>>> print(open('model_30.cif').read())   # mmCIF, C-alpha atoms
data_upload
loop_
_atom_site.label_atom_id
_atom_site.label_comp_id
_atom_site.auth_asym_id
_atom_site.auth_seq_id
_atom_site.Cartn_x
_atom_site.Cartn_y
_atom_site.Cartn_z
CA MET J 22 -110.83 67.93 -71.45
CA GLU J 23 -110.06 65.94 -74.60
CA LEU J 24 -106.61 65.58 -76.12
CA ARG J 25 -108.05 66.56 -79.51
CA VAL J 26 -109.38 69.85 -78.10
CA LEU J 27 -106.00 70.60 -76.51
CA ARG J 28 -104.42 70.21 -79.96
CA TYR J 29 -107.00 72.65 -81.34
CA PHE J 30 -106.22 75.10 -78.53
CA LEU J 31 -102.46 74.87 -79.22
CA ALA J 32 -103.02 75.45 -82.94
CA VAL J 33 -104.94 78.66 -82.25
CA ALA J 34 -102.32 79.80 -79.72
CA ARG J 35 -99.61 79.17 -82.32
CA GLU J 36 -101.39 80.78 -85.30
CA GLU J 37 -102.97 83.63 -83.28
CA ASN J 38 -105.85 83.49 -85.74
CA ILE J 39 -108.95 81.26 -85.90
CA SER J 40 -109.06 81.10 -89.69
CA ARG J 41 -105.41 80.09 -90.09
CA ALA J 42 -105.69 77.55 -87.27
CA ALA J 43 -108.84 76.05 -88.82
CA ALA J 44 -107.06 75.71 -92.18
CA ALA J 45 -104.06 74.04 -90.54
CA LEU J 46 -106.36 71.61 -88.70
CA HIS J 47 -108.52 70.94 -91.78
CA THR J 48 -111.68 71.88 -89.92
CA SER J 49 -114.24 74.67 -90.27
CA GLN J 50 -113.88 77.99 -88.49
CA PRO J 51 -117.33 77.80 -86.79
CA SER J 52 -116.58 74.29 -85.49
CA LEU J 53 -113.20 75.36 -84.13
CA SER J 54 -114.66 78.47 -82.47
CA ARG J 55 -117.40 76.40 -80.85
CA GLN J 56 -114.97 73.85 -79.41
CA LEU J 57 -112.75 76.57 -77.98
CA LYS J 58 -115.77 78.20 -76.36
CA ASP J 59 -116.78 74.82 -74.92
CA LEU J 60 -113.25 74.46 -73.50
CA GLU J 61 -113.48 77.87 -71.81
CA ASP J 62 -116.90 76.93 -70.40
CA GLU J 63 -115.57 73.61 -69.12
CA LEU J 64 -112.65 75.28 -67.34
CA GLY J 65 -114.60 78.34 -66.26
CA LYS J 66 -111.77 80.54 -67.56
CA THR J 67 -111.31 83.01 -70.40
CA LEU J 68 -108.39 81.71 -72.42
CA PHE J 69 -108.28 84.17 -75.31
CA ILE J 70 -108.48 87.90 -75.93
CA ARG J 71 -110.25 88.05 -79.29
CA GLY J 72 -109.17 91.03 -81.39
CA GLN J 73 -110.26 91.89 -84.93
CA ARG J 74 -107.09 90.54 -86.55
CA LYS J 75 -105.27 88.70 -83.79
CA ILE J 76 -106.06 86.40 -80.91
CA THR J 77 -103.83 86.54 -77.83
CA LEU J 78 -103.74 84.40 -74.73
CA THR J 79 -104.86 85.55 -71.32
CA GLU J 80 -102.77 84.68 -68.27
CA ASP J 81 -104.91 81.54 -67.79
CA GLY J 82 -104.45 80.77 -71.48
CA MET J 83 -100.65 80.99 -71.17
CA PHE J 84 -100.74 78.62 -68.19
CA LEU J 85 -102.90 76.13 -70.13
CA ARG J 86 -100.59 76.38 -73.14
CA LYS J 87 -97.60 75.27 -71.08
CA ARG J 88 -99.51 72.35 -69.58
CA ALA J 89 -101.15 71.40 -72.89
CA GLU J 90 -97.78 71.23 -74.63
CA GLU J 91 -96.52 68.86 -71.93
CA ILE J 92 -99.65 66.68 -72.11
CA VAL J 93 -99.65 66.45 -75.92
CA ASP J 94 -95.91 65.73 -76.03
CA LEU J 95 -96.23 62.94 -73.47
CA ALA J 96 -99.23 61.45 -75.30
CA ASP J 97 -97.39 61.47 -78.63
CA ARG J 98 -94.33 59.80 -77.09
CA THR J 99 -96.47 57.11 -75.49
CA VAL J 100 -98.26 56.27 -78.74
CA LYS J 101 -94.98 56.20 -80.65
CA GLU J 102 -93.32 53.84 -78.17
CA LEU J 103 -96.32 51.48 -78.06
CA THR J 104 -96.60 51.21 -81.84
CA LEU J 105 -92.95 50.38 -82.48
CA THR J 106 -92.41 46.87 -83.80
CA GLU J 107 -89.93 44.49 -82.22
CA GLU J 108 -88.24 43.80 -85.55
CA PHE J 109 -85.71 46.58 -85.09
CA LEU J 110 -84.61 48.81 -82.25
CA ALA J 111 -85.88 52.35 -82.73
CA GLY J 112 -87.36 55.16 -80.72
CA ASP J 113 -86.47 58.27 -78.77
CA VAL J 114 -84.36 58.89 -75.68
CA TYR J 115 -84.93 62.15 -73.79
CA ILE J 116 -82.13 63.43 -71.56
CA GLY J 117 -82.19 66.56 -69.44
CA ALA J 118 -78.95 68.12 -68.30
CA GLY J 119 -77.52 71.23 -66.77
CA GLU J 120 -74.20 72.66 -67.80
CA THR J 121 -71.67 70.06 -66.69
CA GLU J 122 -68.61 68.17 -67.88
CA GLY J 123 -70.64 65.01 -67.26
CA MET J 124 -72.29 65.54 -70.65
CA LYS J 125 -69.08 64.33 -72.30
CA LEU J 126 -69.81 60.76 -71.23
CA ILE J 127 -73.42 61.13 -72.35
CA ALA J 128 -72.17 62.29 -75.77
CA GLN J 129 -69.75 59.36 -76.02
CA THR J 130 -72.50 56.88 -75.18
CA ALA J 131 -74.86 58.57 -77.63
CA GLY J 132 -72.25 58.14 -80.35
CA VAL J 133 -72.05 54.39 -79.72
CA LEU J 134 -75.83 54.13 -79.57
CA VAL J 135 -76.61 55.82 -82.88
CA GLN J 136 -73.74 54.06 -84.63
CA HIS J 137 -75.26 50.65 -83.86
CA PHE J 138 -78.93 51.71 -83.84
CA PRO J 139 -79.41 54.56 -86.34
CA ASP J 140 -83.19 54.55 -85.83
CA ILE J 141 -82.78 55.67 -82.21
CA HIS J 142 -82.88 59.45 -81.78
CA LEU J 143 -81.67 61.41 -78.77
CA HIS J 144 -83.25 64.63 -77.55
CA ILE J 145 -81.23 66.80 -75.16
CA VAL J 146 -83.05 69.33 -72.99
CA SER J 147 -80.87 71.95 -71.28
CA GLY J 148 -81.69 73.75 -68.07
CA ASP J 149 -80.63 74.02 -64.47
CA ARG J 150 -81.41 71.46 -61.78
CA VAL J 151 -84.83 72.98 -61.03
CA ASP J 152 -85.93 72.75 -64.67
CA ILE J 153 -84.54 69.27 -65.26
CA VAL J 154 -85.93 67.66 -62.11
CA GLU J 155 -89.37 69.13 -62.87
CA ARG J 156 -89.30 67.55 -66.33
CA LEU J 157 -88.14 64.23 -64.89
CA GLU J 158 -90.98 64.27 -62.37
CA LYS J 159 -93.54 64.87 -65.12
CA GLY J 160 -92.20 62.08 -67.31
CA LEU J 161 -91.12 64.49 -70.06
CA ILE J 162 -87.55 63.15 -70.02
CA ASP J 163 -86.16 59.68 -69.36
CA PHE J 164 -82.92 60.67 -67.63
CA ALA J 165 -81.47 63.66 -65.83
CA VAL J 166 -77.78 64.48 -65.50
CA LEU J 167 -77.51 66.05 -62.06
CA VAL J 168 -74.73 67.90 -60.28
CA GLY J 169 -74.90 66.34 -56.83
CA GLU J 170 -77.21 63.59 -55.62
CA PRO J 171 -80.99 63.80 -56.13
CA ASP J 172 -82.86 65.36 -53.23
CA SER J 173 -84.89 62.18 -52.65
CA GLN J 174 -83.20 58.81 -53.04
CA LYS J 175 -86.60 57.12 -52.64
CA LYS J 176 -87.85 58.62 -55.90
CA TYR J 177 -84.88 57.94 -58.15
CA GLU J 178 -82.40 55.35 -59.30
CA THR J 179 -78.94 56.73 -60.02
CA LEU J 180 -75.62 55.95 -61.64
CA LEU J 181 -72.54 57.70 -60.30
CA LEU J 182 -70.62 59.12 -63.25
CA PRO J 183 -66.81 58.78 -63.24
CA GLN J 184 -66.24 62.53 -63.73
CA ARG J 185 -66.49 65.16 -61.04
CA ASP J 186 -67.12 68.86 -61.53
CA THR J 187 -64.99 71.54 -59.85
CA TRP J 188 -66.36 74.80 -58.47
CA SER J 189 -64.56 77.96 -59.52
CA VAL J 190 -65.02 81.68 -60.06
CA LEU J 191 -65.37 83.25 -63.51
CA MET J 192 -63.92 86.76 -63.74
CA ARG J 193 -62.38 89.27 -66.10
CA LYS J 194 -58.66 88.83 -66.68
CA ASP J 195 -58.10 92.41 -65.52
CA HIS J 196 -59.84 91.81 -62.17
CA PRO J 197 -57.47 91.98 -59.16
CA LEU J 198 -58.35 88.40 -58.15
CA ALA J 199 -57.12 87.18 -61.54
CA GLN J 200 -53.58 87.84 -60.26
CA LYS J 201 -54.07 85.02 -57.75
CA SER J 202 -53.80 81.31 -58.56
CA VAL J 203 -56.75 80.39 -56.34
CA VAL J 204 -59.72 82.09 -54.69
CA ARG J 205 -60.20 81.78 -50.93
CA PRO J 206 -63.48 82.37 -49.07
CA GLU J 207 -62.47 85.76 -47.69
CA ASP J 208 -61.71 86.97 -51.24
CA LEU J 209 -65.43 86.87 -52.07
CA TYR J 210 -66.99 88.38 -48.97
CA GLN J 211 -67.24 91.92 -50.39
CA GLU J 212 -67.30 91.15 -54.11
CA PRO J 213 -70.46 91.54 -56.24
CA LEU J 214 -71.47 87.97 -57.11
CA LEU J 215 -73.55 86.34 -59.84
CA ILE J 216 -74.70 82.95 -58.58
CA SER J 217 -76.85 80.10 -59.81
CA ARG J 218 -80.42 80.16 -58.52
CA GLN J 219 -79.76 76.60 -57.30
CA ILE J 220 -77.35 77.83 -54.63
CA LYS J 221 -79.24 77.83 -51.35
CA ASP J 222 -78.20 78.03 -47.72
CA GLY J 223 -76.67 74.68 -46.84
CA SER J 224 -75.36 74.05 -50.35
CA PRO J 225 -71.72 72.90 -50.77
CA PHE J 226 -70.55 76.28 -52.05
CA LEU J 227 -72.02 78.26 -49.15
CA ASN J 228 -70.67 75.69 -46.69
CA TRP J 229 -67.24 76.21 -48.26
CA LEU J 230 -67.68 79.98 -48.07
CA GLY J 231 -68.84 79.91 -44.46
CA LYS J 232 -71.54 82.49 -45.17
CA SER J 233 -75.29 82.55 -45.76
CA LEU J 234 -76.86 84.11 -48.84
CA ASP J 235 -78.04 87.21 -46.99
CA GLN J 236 -74.44 87.93 -45.93
CA LEU J 237 -73.23 88.14 -49.53
CA ASN J 238 -73.35 90.88 -52.15
CA VAL J 239 -75.43 88.91 -54.69
CA ILE J 240 -76.28 91.20 -57.59
CA SER J 241 -78.04 88.60 -59.77
CA THR J 242 -78.97 84.95 -60.10
CA HIS J 243 -79.07 82.82 -63.25
CA ASN J 244 -80.04 79.35 -64.41
CA LEU J 245 -77.48 79.01 -67.23
CA ILE J 246 -73.97 80.38 -67.07
CA TYR J 247 -73.63 81.76 -70.62
CA ASN J 248 -75.84 84.79 -70.02
CA ALA J 249 -74.15 85.38 -66.68
CA SER J 250 -70.77 85.32 -68.43
CA LEU J 251 -71.87 88.27 -70.58
CA MET J 252 -72.55 90.23 -67.40
CA VAL J 253 -69.11 89.28 -66.09
CA GLU J 254 -67.61 90.56 -69.35
CA GLU J 255 -69.27 93.92 -68.68
CA GLY J 256 -67.59 94.07 -65.29
CA LEU J 257 -70.75 93.65 -63.20
CA GLY J 258 -69.25 91.07 -60.88
CA LEU J 259 -67.83 87.57 -60.44
CA ALA J 260 -69.76 84.43 -61.40
CA VAL J 261 -69.63 81.41 -59.12
CA THR J 262 -69.82 78.41 -61.45
CA LEU J 263 -68.42 75.05 -62.43
CA GLN J 264 -65.06 75.08 -64.17
CA GLY J 265 -64.76 74.79 -67.94
CA LEU J 266 -68.29 75.69 -69.02
CA ILE J 267 -67.23 78.94 -70.69
CA ASN J 268 -64.42 79.10 -73.24
CA THR J 269 -61.79 81.40 -71.74
CA GLY J 270 -59.09 80.78 -74.33
CA GLY J 271 -57.97 82.87 -77.27
CA ASP J 272 -59.20 86.45 -77.23
CA SER J 273 -61.60 85.97 -74.33
CA CYS J 274 -61.37 88.62 -71.63
CA LEU J 275 -62.46 86.04 -69.03
CA CYS J 276 -60.65 83.49 -66.90
CA TYR J 277 -61.39 80.91 -64.21
CA ARG J 278 -59.80 80.70 -60.79
CA PRO J 279 -60.38 77.55 -58.72
CA LEU J 280 -61.48 77.63 -55.12
CA SER J 281 -59.13 76.85 -52.26
CA PRO J 282 -59.71 74.58 -50.44
CA ARG J 283 -60.71 72.75 -53.63
CA LEU J 284 -64.45 72.08 -53.93
CA GLU J 285 -65.62 69.21 -56.15
CA VAL J 286 -69.04 67.67 -56.65
CA ASP J 287 -70.20 64.24 -57.86
CA LEU J 288 -72.27 63.83 -61.02
CA PHE J 289 -75.20 61.44 -61.38
CA LEU J 290 -77.42 60.03 -64.07
CA ALA J 291 -80.88 59.78 -62.48
CA TRP J 292 -84.23 58.29 -63.53
CA LYS J 293 -87.52 57.67 -61.78
CA ARG J 294 -87.64 54.56 -59.64
CA TYR J 295 -89.90 51.78 -60.99
CA GLN J 296 -89.98 53.44 -64.40
CA THR J 297 -90.83 51.18 -67.34
CA PHE J 298 -88.41 51.85 -70.19
CA SER J 299 -88.98 51.59 -73.91
CA PRO J 300 -86.45 49.30 -75.68
CA ALA J 301 -84.51 52.33 -76.94
CA VAL J 302 -84.24 53.88 -73.48
CA ALA J 303 -83.26 50.54 -71.94
CA LYS J 304 -80.49 50.14 -74.54
CA PHE J 305 -79.12 53.60 -73.75
CA LEU J 306 -78.98 52.75 -70.04
CA GLU J 307 -77.28 49.44 -70.81
CA LEU J 308 -74.59 51.23 -72.81
CA MET J 309 -74.17 53.87 -70.08
CA ARG J 310 -73.51 51.16 -67.52
CA ALA J 311 -70.94 49.59 -69.83
CA GLU J 312 -69.19 52.93 -70.48
CA ILE J 313 -69.04 53.74 -66.77
CA SER J 314 -67.74 50.25 -65.94
CA SER J 315 -65.07 50.55 -68.61
CA LYS J 316 -63.83 53.92 -67.41
CA THR J 317 -63.90 52.85 -63.77
CA GLU J 318 -61.74 49.81 -64.54
CA ASN J 319 -59.19 52.03 -66.28
CA ILE J 320 -58.81 54.38 -63.32
#
>>> encode(input="model_30.cif", output="structure tokens")
Amino acid sequence: MELRVLRYFLAVAREENISRAAAALHTSQPSLSRQLKDLEDELGKTLFIRGQRKITLTEDGMFLRKRAEEIVDLADRTVKELTLTEEFLAGDVYIGAGETEGMKLIAQTAGVLVQHFPDIHLHIVSGDRVDIVERLEKGLIDFAVLVGEPDSQKKYETLLLPQRDTWSVLMRKDHPLAQKSVVRPEDLYQEPLLISRQIKDGSPFLNWLGKSLDQLNVISTHNLIYNASLMVEEGLGLAVTLQGLINTGGDSCLCYRPLSPRLEVDLFLAWKRYQTFSPAVAKFLELMRAEISSKTENI
């Protein structure tokens, strides 16, 4: 499977039309059709449903599209990093992060980085822990900002960030629990809950709660809190989340209530062990270490 053919495949998937894809690729329609057919023969799979006016992907085609995008992106990054000259510091830094207050330090470091090295560009990928760790494993990002330690210390190097996140409950201001200053475990036993898909039995929150998932009234799971907050607004339940991720000021009908006993979690910057960094990525890590050292000394 050649990289060139994967680019052809992605162009057809994007344009949904052989003629338009051929024009975009500056190749002939018969040549493009032949190479796509050869790709299907090589894989032993039908990748396209060929209609009169539109081409759509089969289920196998959709799977290949996801993988092809990752392969092409990684190849392009590799070529770009290898062809940079040493005369000036330039390049790309890819950071994956969930919704966390720890991104404030990342943003501060990014500000210092681009101020001194304007030819370095940062790319932030958002998602929950599952999404971000998967991207880190595949080499699609350089760093991951994680809530809690990585699952395998053998795979990753880490920096402990100076901030900590605090678990809390997001609710409507007219909910009965909003009259309390804190939320205790027994307050949640019968409540309809919206929880992150990352929360599993044995996680800090469930240990605090003293219950397993199957003992709770979980009405939905989510990977990012914003969409869950819309469900909370509609009165569907309470969202278990980290404090401060949703703006509850002004005219918002929502509020946070912290857990009691208080439940905090450490934040980490993680990267793959034995990873070889480009100069731009190495400079970002150098500045992160300096920022963390500076803030630690001031505590």
>>> closest_residue(input="model_30.cif", among="J:Thr269, J:Thr262, J:Ser241, J:Ser281", to="Val204 in chain J", atoms="only C-alpha atoms")
J:Ser281
>>> closest_residue(input="model_30.cif", among="J:Ala44, J:Leu180, J:Leu259, J:Ala249", to="Glu212 in chain J", atoms="all atoms listed in the file")
J:Leu259
>>> residues_around(input="model_30.cif", residues="Glu63 in chain J", least_positions_apart="5", cutoff="10 Å", atoms="only C-alpha atoms", output="list in words")
Met22, Leu57 and Lys58 of chain J
>>> closest_residue(input="model_30.cif", among="J:Val26, J:Val135, J:Val93, J:Thr242", to="Glu61 in chain J", atoms="all atoms listed in the file")
J:Val26
>>> axis_aligned_box(input="model_30.cif", around="range 22-26 of chain J", padding_each_side="4 Å", output="lines of an AutoDock Vina configuration file")
center_x = -108.7
center_y = 67.7
center_z = -75.5
size_x = 12.2
size_y = 12.3
size_z = 16.1
>>> resolve_selection(input="model_30.cif", expression="the PyMOL selection byres ((chain J and resi 46) around 12)", output="VMD selection string")
chain J and resid 25 to 26 28 to 33 35 to 36 39 to 45 47 to 50 52 to 53
>>> closest_residue(input="model_30.cif", among="J:Ser299, J:Gln73, J:Ser189, J:Gln56", to="Cys276 in chain J", atoms="all atoms listed in the file")
J:Ser189
>>> atom_distance(input="model_30.cif", atom1="CA of Lys194 in chain J", atom2="CA of Leu275 in chain J")
5.3 Å
>>> atom_distance(input="model_30.cif", atom1="CA of Ala165 in chain J", atom2="CA of Ala118 in chain J")
5.7 Å
>>> resolve_selection(input="model_30.cif", expression="the PyMOL selection byres ((chain J and resi 293) around 8)", output="PDB file with C-alpha atoms, in the coordinates of the input")
ATOM      1  CA  LEU J 157     -88.140  64.230 -64.890  1.00  0.00           C
ATOM      2  CA  GLU J 158     -90.980  64.270 -62.370  1.00  0.00           C
ATOM      3  CA  ASP J 163     -86.160  59.680 -69.360  1.00  0.00           C
ATOM      4  CA  LYS J 176     -87.850  58.620 -55.900  1.00  0.00           C
ATOM      5  CA  TYR J 177     -84.880  57.940 -58.150  1.00  0.00           C
ATOM      6  CA  GLU J 178     -82.400  55.350 -59.300  1.00  0.00           C
ATOM      7  CA  ALA J 291     -80.880  59.780 -62.480  1.00  0.00           C
ATOM      8  CA  TRP J 292     -84.230  58.290 -63.530  1.00  0.00           C
ATOM      9  CA  ARG J 294     -87.640  54.560 -59.640  1.00  0.00           C
ATOM     10  CA  TYR J 295     -89.900  51.780 -60.990  1.00  0.00           C
ATOM     11  CA  GLN J 296     -89.980  53.440 -64.400  1.00  0.00           C
TER      12      GLN J 296
END
>>> resolve_selection(input="model_30.cif", expression="the PyMOL selection byres ((chain J and resi 234) around 10)", output="PyMOL selection string")
chain J and resi 220-223+227+232-233+235-239
>>> atom_distance(input="model_30.cif", atom1="CA of Leu266 in chain J", atom2="CA of Arg283 in chain J")
17.4 Å
>>> residues_around(input="model_30.cif", residues="Ile246 in chain J", least_positions_apart="2", cutoff="12 Å", atoms="only C-alpha atoms", output="ChimeraX atom specification")
/J:119-121,147-149,190-191,215-219,241-244,248-253,259-268
>>> build_atoms(input="model_30.cif", residues="range 31-50 of chain J", atoms="N, CA and C atoms", output="tab-separated table (two decimals), keeping the file's coordinate frame")
chain	number	residue	atom	x	y	z
J	31	LEU	N	-103.86	74.55	-78.93
J	31	LEU	CA	-102.46	74.87	-79.22
J	31	LEU	C	-102.31	75.44	-80.63
J	32	ALA	N	-103.10	74.94	-81.57
J	32	ALA	CA	-103.02	75.45	-82.94
J	32	ALA	C	-103.43	76.92	-82.99
J	33	VAL	N	-104.49	77.28	-82.28
J	33	VAL	CA	-104.94	78.66	-82.25
J	33	VAL	C	-103.91	79.54	-81.54
J	34	ALA	N	-103.36	79.04	-80.44
J	34	ALA	CA	-102.32	79.80	-79.72
J	34	ALA	C	-101.11	80.03	-80.61
J	35	ARG	N	-100.78	79.06	-81.43
J	35	ARG	CA	-99.61	79.17	-82.32
J	35	ARG	C	-99.89	80.11	-83.49
J	36	GLU	N	-101.06	79.99	-84.11
J	36	GLU	CA	-101.39	80.78	-85.30
J	36	GLU	C	-101.87	82.19	-84.96
J	37	GLU	N	-102.41	82.35	-83.73
J	37	GLU	CA	-102.97	83.63	-83.28
J	37	GLU	C	-104.10	84.11	-84.18
J	38	ASN	N	-104.77	83.15	-84.81
J	38	ASN	CA	-105.85	83.49	-85.74
J	38	ASN	C	-106.72	82.25	-85.94
J	39	ILE	N	-108.04	82.39	-85.79
J	39	ILE	CA	-108.95	81.26	-85.90
J	39	ILE	C	-108.95	80.69	-87.32
J	40	SER	N	-108.99	81.57	-88.31
J	40	SER	CA	-109.06	81.10	-89.69
J	40	SER	C	-107.82	80.30	-90.08
J	41	ARG	N	-106.64	80.81	-89.74
J	41	ARG	CA	-105.41	80.09	-90.09
J	41	ARG	C	-105.32	78.78	-89.34
J	42	ALA	N	-105.73	78.78	-88.05
J	42	ALA	CA	-105.69	77.55	-87.27
J	42	ALA	C	-106.66	76.52	-87.85
J	43	ALA	N	-107.86	76.96	-88.25
J	43	ALA	CA	-108.84	76.05	-88.82
J	43	ALA	C	-108.31	75.43	-90.11
J	44	ALA	N	-107.64	76.23	-90.94
J	44	ALA	CA	-107.06	75.71	-92.18
J	44	ALA	C	-105.97	74.68	-91.89
J	45	ALA	N	-105.13	74.97	-90.89
J	45	ALA	CA	-104.06	74.04	-90.54
J	45	ALA	C	-104.61	72.73	-89.99
J	46	LEU	N	-105.75	72.80	-89.31
J	46	LEU	CA	-106.36	71.61	-88.70
J	46	LEU	C	-107.34	70.91	-89.64
J	47	HIS	N	-107.57	71.50	-90.80
J	47	HIS	CA	-108.52	70.94	-91.78
J	47	HIS	C	-109.91	70.80	-91.17
J	48	THR	N	-110.34	71.84	-90.49
J	48	THR	CA	-111.68	71.88	-89.92
J	48	THR	C	-112.29	73.24	-90.24
J	49	SER	N	-113.58	73.40	-89.97
J	49	SER	CA	-114.24	74.67	-90.27
J	49	SER	C	-114.03	75.67	-89.15
J	50	GLN	N	-114.06	76.95	-89.49
J	50	GLN	CA	-113.88	77.99	-88.49
J	50	GLN	C	-114.97	77.98	-87.43
